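*Asks:* Let me give you the structure first, and then I'll get to my questions.
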Amino acid sequence: MMPTYPVTDYGVKPNYQTSQTAAIQAVIDQCHAAGGGQITFPKGYYHTGGLRLYSDMTLYLQSGAWIVGSTDLADYQDFHIPSSIQYLQDPEYIQAWHLPPYYFYALIQAFHEKNITIVGENNSGFDGRDLWDTRGEEGFRGPMGVILSGCQKVTLKGYQFKNSANWSHCLDACQDLTVQHVSIYAGHDGFNLHHSQNILIEDCLLETGDDAFAGYDVSDLVARNCEVRTACNGARIGGHNLVFDGVNFKGPGTYPHISEGTYYTHAILKYYAVIPEQYRYDTGAITFKNCQVDQAYRLVIYDYGDHALMHEAQPLTNLTFENMTINGLSHTSTVYGRQHPLTLTFKDCQITNVSTPFLQYDDAVNLQIDEKLTATAAALFQKTKPA
């Protein structure tokens with residue numbers, strides 16, 4: 001049986017207004033020294049800065065337990081461990097996005113560990129408190145919510161994350177991720193999955209101020225039965241064998257895109273393949289099936305080779321929309337392969353109340369549509385040369 005470490009048994013106080021980072025980390029370190037176990041937070045509010053988890057460890061929030069981020073930036077650290085995200089070292093992106101050298105810091109962190117679990121019972125979770133950092137990304141972004149970097153066999157289940165000061169979850173270079181019944185409210189990105197593989201995300205609610213799903217060089221992802229409301233993109237993502245099944249995307253966002261102050265949903269899919277990174281595959285394939293899309297600007301944005309869009313590295317070769325209900329899109333989508341062949345498939349889709357044309361594509365695209373769309377194809381789809 002896994003040994004348990006209730007933090008209140010070790011001097012940590014619920015509903016204590018002062019940050020208790022050192023006391024909570026001491027409990028985690030004791031658990032780690034004993035070979036792992038469960039760190040339990042009983043009902044109450046626990047103010048803390050950055051905490052580091054280790055292998056064979058469960059962070060367990062009982063009903064009504066909330067871990068609340070410290071408002072003191074000095075209470076966080078990046079642990080000086082290099083990230084798999086290479087653009088953090090690229091001078092262009094450092095300057096363009098105002099990336100600080102300590103960018104990889106968060107409320108909860110683990111690096112190159114295995115068997116990490118975070119579980120929350122009803123009405124439990126984390127609050128990043130929108131902590132601003134004037135030296136941070138874009139001159140205001142503070143610590144991320146959860147960073148799990150290079151970890152194996154990760155389970156995230158049942159909790160809420162509110163008001164993350166940057167990405168809610170950075171799960172980069174991880175293997176075997178399972179995320180279930182997690183709710184994200186406000187803040188920035190929901191799940192960033194750069195270089196991660198073998199991922200299941202199901203029955204989650206993402207009401208994000210920035211991209212709901214994000215990442216490049218992602219492989220073998222299944223996201224299913226999720227609800228998404230975003231003030232940016234439903235999925236800004238690229239990779240191999242990515243499937244969104246039964247995910248409902250509905251705009252506009254509930255919470256604003258903080259840097260722009262807007263609520264509209266930009267696109268359901270905005271491809272992502274930034275050039276400084278290393279990629280495991282030569283091509284990418286993405287499928288959306290059994291999904292509902294309502295009230296967004298565009299369904300998809302893809303223009304291979306466009307530097308500003310960060311569509312330069314791994315090309316997209318297969319994009320499929322199957323058994324989809326697509327309604328209320330106000331702007332024309334673009335799919336431009338630019339001499340890189342791409343098969344674009346619409347099968348058993350219902351498309352209503354959309355812009356005309358609904359989608360423009362170039363000669364590199366092999367458009368496959370079924371009889372449901374044949375009668376209206378000329379109005380919906382337009383072959384054109386990209387600018």
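Labeling convention for the structure tokens: chains A, B, ... as they appear, residues from 1 per chain, ligands from 1 in order of appearance.
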Determine which residues of range 96-301 of chain A receive a DSSP assignment of helix (DSSP H, G or I), computed from the backbone, and state them as an NGL selection string.
*Replies:* :A and (96-97 or 137-139)
*Asks:* Counting only C-alpha atoms, what is within 6 Å of Glu227 in chain A, bar same-chain residues fewer than 2 positions away, as an NGL selection string?
*Replies:* :A and (205 or 247-248)
*Asks:* Go ahead and write the residues just picked, N, CA, C and O atoms, as a CSV table (one decimal), in the first residue's frame.
*Replies:*
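What ended up in result-v8.csv:
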chain,number,residue,atom,x,y,z
A,205,LEU,N,-12.9,19.8,-19.6
A,205,LEU,CA,-13.5,21.1,-20.0
A,205,LEU,C,-12.3,22.1,-20.0
A,205,LEU,O,-11.6,22.3,-19.1
A,247,VAL,N,-15.0,16.0,-29.6
A,247,VAL,CA,-14.6,17.3,-28.9
A,247,VAL,C,-15.5,18.4,-29.5
A,247,VAL,O,-15.6,18.6,-30.7
A,248,ASN,N,-16.2,19.1,-28.6
A,248,ASN,CA,-17.1,20.2,-29.0
A,248,ASN,C,-16.4,21.5,-28.8
A,248,ASN,O,-16.0,21.9,-27.7
*Asks:* Ranking A:Gly234, A:Ala214, A:Cys170, A:Val335 by minimum distance to Ala273 in chain A and counting only C-alpha atoms, which one comes first?
*Replies:*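 Ranked by minimum distance to Ala273 in chain A, first place goes to A:Ala214.
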*Asks:* Which residues come within 8 Å of range 207-210 of chain A, counting only C-alpha atoms, excluding same-chain residues fewer than 5 positions away, as a count of residues only?
*Replies:* 21
*Asks:* Pro14 in chain A: which residues within 9 Å, counting only C-alpha atoms, same-chain residues fewer than 3 positions away excluded, as a VMD selection string?
*Replies:* chain A and resid 8 17 41 to 47 65
*Asks:* How close does range 232-276 of chain A get to range 304-311 of chain A? List, as CSV, each residue of range 232-276 of chain A within 7 Å, its nearest atom pair and the distance in Å to one decimal, counting only C-alpha atoms.
*Replies:*
residue,atom,partner,partner_atom,distance
A:Tyr271,CA,A:His311,CA,6.5
A:Tyr272,CA,A:His311,CA,5.7
A:Ala273,CA,A:His311,CA,5.0
A:Val274,CA,A:Met310,CA,4.7
*Asks:* Those same residues, written as a PDB file, in the first residue's frame with N, CA, C and O atoms?
*Replies:*
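File written: again12.pdb
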ATOM      1  N   TYR A 271      -2.296  25.140 -37.564  1.00  0.00           N
ATOM      2  CA  TYR A 271      -1.167  24.211 -37.580  1.00  0.00           C
ATOM      3  C   TYR A 271       0.046  24.823 -36.888  1.00  0.00           C
ATOM      4  O   TYR A 271       0.200  26.046 -36.827  1.00  0.00           O
ATOM      5  N   TYR A 272       0.925  23.947 -36.370  1.00  0.00           N
ATOM      6  CA  TYR A 272       2.059  24.414 -35.572  1.00  0.00           C
ATOM      7  C   TYR A 272       3.255  23.520 -35.854  1.00  0.00           C
ATOM      8  O   TYR A 272       3.241  22.324 -35.566  1.00  0.00           O
ATOM      9  N   ALA A 273       4.302  24.098 -36.437  1.00  0.00           N
ATOM     10  CA  ALA A 273       5.541  23.361 -36.706  1.00  0.00           C
ATOM     11  C   ALA A 273       6.672  24.376 -36.799  1.00  0.00           C
ATOM     12  O   ALA A 273       7.073  24.781 -37.889  1.00  0.00           O
ATOM     13  N   VAL A 274       7.178  24.798 -35.657  1.00  0.00           N
ATOM     14  CA  VAL A 274       8.150  25.881 -35.602  1.00  0.00           C
ATOM     15  C   VAL A 274       9.544  25.364 -35.976  1.00  0.00           C
ATOM     16  O   VAL A 274       9.924  24.239 -35.648  1.00  0.00           O
TER      17      VAL A 274
END
*Asks:* Check which residues of range 272-299 of chain A sit at most 12 Å from range 339-356 of chain A using only C-alpha atoms, and return one row each with the closest pair of atoms and their distance in Å to one decimal, ordered by chain and rising number, as CSV.
*Replies:*
residue,atom,partner,partner_atom,distance
A:Asp282,CA,A:His340,CA,11.6
A:Thr283,CA,A:Leu342,CA,9.8
A:Gly284,CA,A:Leu342,CA,9.6
A:Ala285,CA,A:Leu342,CA,9.4
A:Ile286,CA,A:Leu344,CA,10.0
A:Thr287,CA,A:Thr345,CA,9.3
A:Phe288,CA,A:Phe346,CA,9.8
A:Lys289,CA,A:Lys347,CA,9.2
A:Asn290,CA,A:Cys349,CA,9.2
A:Cys291,CA,A:Cys349,CA,9.8
A:Gln292,CA,A:Gln350,CA,9.7
A:Val293,CA,A:Ile351,CA,9.6
A:Asp294,CA,A:Asn353,CA,9.6
A:Gln295,CA,A:Val354,CA,9.3
A:Ala296,CA,A:Val354,CA,9.7
A:Tyr297,CA,A:Ser355,CA,9.2
A:Arg298,CA,A:Ser355,CA,9.0
A:Leu299,CA,A:Val354,CA,9.8
*Asks:* Residues within 9 Å of Phe381 in chain A, please, as a ChimeraX atom specification. Count only C-alpha atoms; anything in the same chain fewer than 4 positions from it doesn't count.
*Replies:* /A:356-361,376-377
*Asks:* Give me, as a ChimeraX atom specification, all polymer residues having an atom no more than 6 Å from Gly120 in chain A, counting only C-alpha atoms and skipping those fewer than 6 positions away in the same chain.
*Replies:* /A:60-61,158-159
*Asks:* Would you mind telling me which residue in A:Ser55, A:Gln86, A:Thr155, A:Asn163 lies nearest to Arg129 in chain A when using only C-alpha atoms?
*Replies:* A:Asn163
*Asks:* May I have all residues of range 103-257 of chain A that DSSP, computed from the backbone, assigns to strand (DSSP E or B), given as a ChimeraX atom specification?
*Replies:* /A:106-111,114-120,125-127,144-149,152-157,160-162,169-172,175-180,183-185,191-192,197-202,205-208,213-224,227-230,233-245,248-250,257
*Asks:* With only C-alpha atoms as the atoms that count, which of A:Val300, A:Val218, A:Ile326, A:Met57 lies nearest to Val154 in chain A?
*Replies:*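 Looking only at the distances to Val154 in chain A, the closest residue turns out to be A:Met57.
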*Asks:* Please list as a VMD selection string every residue within 12 Å of Asn115 in chain A, counting only C-alpha atoms and excluding residues in the same chain fewer than 2 positions away.
*Replies:* chain A and resid 35 to 38 53 to 59 110 to 113 117 to 118 148 150 to 156 174 to 178
*Asks:* Closest to Ala313 in chain A among A:Pro386, A:Gly239, A:Gly328, A:Val222, using only C-alpha atoms?
*Replies:*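 Nearest to Ala313 in chain A: A:Gly239.
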*Asks:* Tell me, in Å to one decimal, how far CA of Ser19 in chain A is from CA of Leu107 in chain A.
*Replies:*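 If I compute the distance from CA of Ser19 in chain A to CA of Leu107 in chain A, I get 12.3 Å.
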*Asks:* Using CA of Ile94 in chain A and CA of Gly49 in chain A as the two end points, give the distance in Å to one decimal.
*Replies:*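 Calculated distance between CA of Ile94 in chain A and CA of Gly49 in chain A is 25.0 Å.
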*Asks:* Nearest residue to Thr48 in chain A out of A:Thr262, A:Ser149, A:Thr18, A:Ser333, using only C-alpha atoms?
*Replies:*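 Comparing A:Thr262, A:Ser149, A:Thr18, A:Ser333 against Thr48 in chain A, the winner is A:Thr18.
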